[in-house]
file start_12.cif (mmCIF, C-alpha atoms)
data_entry
#
loop_
_atom_site.label_atom_id
_atom_site.label_comp_id
_atom_site.auth_asym_id
_atom_site.auth_seq_id
_atom_site.Cartn_x
_atom_site.Cartn_y
_atom_site.Cartn_z
CA MET A 104 -9.42 -5.29 10.47
CA ARG A 105 -10.20 -8.99 10.41
CA ARG A 106 -9.34 -9.31 6.71
CA MET A 107 -6.05 -7.52 7.32
CA LEU A 108 -5.10 -9.90 10.12
CA VAL A 109 -5.78 -12.89 7.89
CA SER A 110 -3.25 -11.69 5.35
CA ARG A 111 0.15 -13.28 5.80
CA ILE A 112 2.02 -10.14 4.80
CA SER A 113 0.19 -7.92 7.25
CA ARG A 114 0.79 -10.43 10.06
CA ARG A 115 4.49 -10.44 9.25
CA VAL A 116 4.60 -6.62 9.19
CA LEU A 117 2.78 -6.40 12.52
CA ALA A 118 5.15 -8.98 14.04
CA GLU A 119 8.27 -7.19 12.74
CA HIS A 120 6.95 -3.86 13.99
CA HIS A 121 6.14 -5.30 17.41
CA ILE A 122 9.61 -6.86 17.72
CA ALA A 123 11.32 -3.62 16.65
CA LEU A 124 9.26 -1.58 19.13
CA SER A 125 9.91 -4.09 21.92
CA ASP A 126 13.64 -4.07 21.18
CA SER A 127 13.76 -0.28 21.26
CA VAL A 128 11.95 -0.20 24.61
CA VAL A 129 14.30 -2.78 26.13
CA GLY A 130 17.33 -1.14 24.52
CA ARG A 131 18.30 -4.10 22.35
CA ASN A 132 17.92 -2.35 19.02
CA ASN A 133 20.90 -2.55 16.69
CA ILE A 134 20.38 0.98 15.40
CA THR A 135 23.35 3.11 16.35
CA ASN A 136 22.06 6.31 14.78
CA LYS A 137 19.16 7.57 16.88
CA GLY A 138 18.44 10.43 14.48
CA ASP A 139 17.39 8.30 11.52
CA GLY A 140 13.70 9.05 12.08
CA HIS A 141 12.01 5.73 12.56
CA VAL A 142 9.48 4.22 14.93
CA GLY A 143 9.73 0.47 14.90
CA ILE A 144 10.04 -0.46 11.23
CA ILE A 145 8.25 2.66 10.01
CA TYR A 146 10.55 5.43 8.82
CA THR A 147 8.89 8.74 9.59
CA GLY A 148 11.20 10.77 7.38
CA LEU A 149 11.48 8.52 4.33
CA ASN A 150 13.04 10.39 1.41
CA VAL A 151 11.89 8.95 -1.92
CA GLU A 152 14.76 10.47 -3.89
CA LYS A 153 17.35 8.74 -1.70
CA SER A 154 15.50 5.43 -1.98
CA VAL A 155 15.30 5.69 -5.78
CA GLN A 156 18.99 6.58 -6.01
CA ARG A 157 19.91 3.67 -3.68
CA CYS A 158 17.92 1.22 -5.84
CA THR A 159 19.29 2.47 -9.16
CA THR A 160 22.83 2.28 -7.77
CA LEU A 161 22.16 -1.30 -6.69
CA LEU A 162 20.85 -2.21 -10.15
CA HIS A 163 23.91 -0.64 -11.79
CA GLN A 164 26.20 -2.60 -9.44
CA LEU A 165 24.36 -5.86 -10.11
CA ASN A 166 24.77 -5.31 -13.84
CA HIS A 167 28.49 -4.59 -13.52
CA ASP A 168 29.07 -7.46 -11.08
CA SER A 169 27.33 -9.94 -13.38
CA ASP A 170 29.37 -8.91 -16.44
CA ASP A 171 31.36 -11.97 -17.36
CA SER A 172 33.04 -11.73 -20.74
CA GLY A 173 33.42 -15.50 -20.93
CA SER A 174 29.77 -16.19 -20.28
CA SER A 175 27.48 -16.80 -23.24
CA ASN A 176 24.44 -15.93 -21.10
CA SER A 177 25.72 -12.45 -20.34
CA HIS A 178 22.98 -9.88 -20.92
CA LYS A 179 24.19 -6.36 -21.56
CA ILE A 180 21.60 -3.94 -20.24
CA ARG A 181 22.35 -0.30 -20.85
CA TRP A 182 20.76 1.48 -17.91
CA PRO A 183 19.34 4.89 -18.62
CA GLU A 184 20.06 7.73 -16.26
CA VAL A 185 17.33 8.04 -13.66
CA ASN A 186 16.18 11.59 -12.93
CA VAL A 187 13.90 12.20 -9.98
CA GLU A 188 11.67 15.21 -10.51
CA GLY A 189 8.95 16.87 -8.52
CA HIS A 190 9.01 17.38 -4.78
CA ILE A 191 12.37 15.70 -4.27
CA GLY A 192 12.74 16.92 -0.70
CA ALA A 193 9.40 15.47 0.35
CA GLN A 194 9.43 13.05 3.25
CA PHE A 195 6.67 10.82 4.54
CA ALA A 196 6.14 7.92 6.90
CA TYR A 197 6.43 4.52 5.26
CA ILE A 198 8.14 1.16 5.61
CA ARG A 199 11.39 1.62 3.69
CA GLU A 200 11.88 -2.07 2.94
CA HIS A 201 8.49 -2.26 1.22
CA LEU A 202 9.26 0.73 -0.99
CA GLU A 203 12.76 -0.48 -1.80
CA SER A 204 11.53 -3.96 -2.69
CA ALA A 205 9.19 -2.54 -5.34
CA LEU A 206 11.48 0.15 -6.77
CA PRO A 207 14.02 -2.13 -8.56
CA SER A 208 11.23 -3.85 -10.49
CA LEU A 209 9.74 -0.49 -11.40
CA VAL A 210 13.09 0.95 -12.55
CA LEU A 211 13.87 -2.24 -14.51
CA THR A 212 10.49 -2.20 -16.26
CA ILE A 213 10.79 1.49 -17.15
CA SER A 214 14.35 1.06 -18.43
CA LEU A 215 13.25 -1.78 -20.72
CA ILE A 216 10.44 0.38 -22.11
CA VAL A 217 12.74 3.32 -22.76
#

call {"tool": "encode", "arguments": {"input": "start_12.cif", "output": "structure tokens"}}
result
Amino acid sequence: MRRMLVSRISRRVLAEHHIALSDSVVGRNNITNKGDGHVGIIYTGLNVEKSVQRCTTLLHQLNHDSDDSGSSNSHKIRWPEVNVEGHIGAQFAYIREHLESALPSLVLTISLIV
């Protein structure tokens, strides 16, 4: 426990979680949809397929938004189609922001390999 508390990331996560829980108790949370399945910053019903699709859509949009025909530094990346296989309906408790911060790098790396 002591090593975890020394880590800057874990302190930030604990602080964010505490603030989110405090805001929900006081009624100051900005979440309008009460059925989204989260406790503090932890989403109890996180769907991996939706997160992967959200990240791949974002990467596709970034590529299209950065297309500038007049720019000599324009990199044309042809994104492969991303297929999610396995237990696509599986849900688990996790911090969505942490998963969605790692997924774009993972999808980018895999697309460059393919």

call {"tool": "atom_distance", "arguments": {"input": "start_12.cif", "atom1": "atom CA of A:Cys158", "atom2": "atom CA of A:Ser204"}}
result
8.8 Å

call {"tool": "closest_residue", "arguments": {"input": "start_12.cif", "among": "A:Ile144, A:Ile213, A:Val151, A:Pro183", "to": "A:Asp126", "atoms": "all atoms listed in the file"}}
result
A:Ile144

call {"tool": "atom_distance", "arguments": {"input": "start_12.cif", "atom1": "atom CA of A:Ala123", "atom2": "atom CA of A:Val142"}}
result
8.2 Å

call {"tool": "atom_distance", "arguments": {"input": "start_12.cif", "atom1": "atom CA of A:Gly143", "atom2": "atom CA of A:Phe195"}}
result
15.0 Å

call {"tool": "closest_residue", "arguments": {"input": "start_12.cif", "among": "A:Gly140, A:Gly148, A:Pro207, A:Gly192", "to": "A:Leu162", "atoms": "all atoms listed in the file"}}
result
A:Pro207

call {"tool": "residues_around", "arguments": {"input": "start_12.cif", "residues": "A:Ala196", "least_positions_apart": "5", "cutoff": "7 Å", "atoms": "all atoms listed in the file", "output": "list in words"}}
result
Ile145, Tyr146, Thr147, Gly148 and Leu149 of chain A

call {"tool": "closest_residue", "arguments": {"input": "start_12.cif", "among": "A:Ala193, A:Leu165, A:Val128, A:Val185", "to": "A:Asn150", "atoms": "all atoms listed in the file"}}
result
A:Ala193

call {"tool": "closest_residue", "arguments": {"input": "start_12.cif", "among": "A:Arg106, A:Arg131, A:His190, A:His121", "to": "A:Glu152", "atoms": "only C-alpha atoms"}}
result
A:His190

call {"tool": "resolve_selection", "arguments": {"input": "start_12.cif", "expression": "the PyMOL selection byres ((chain A and resi 160) around 12)", "output": "list in words"}}
result
Lys153, Ser154, Val155, Gln156, Arg157, Cys158, Thr159, Leu161, Leu162, His163, Gln164, Leu165, Asn166, His167, Trp182, Pro183, Glu184, Val185, Leu206, Pro207 and Val210 of chain A

call {"tool": "closest_residue", "arguments": {"input": "start_12.cif", "among": "A:Val217, A:Thr212, A:Asn186, A:His141", "to": "A:Arg199", "atoms": "only C-alpha atoms"}}
result
A:His141
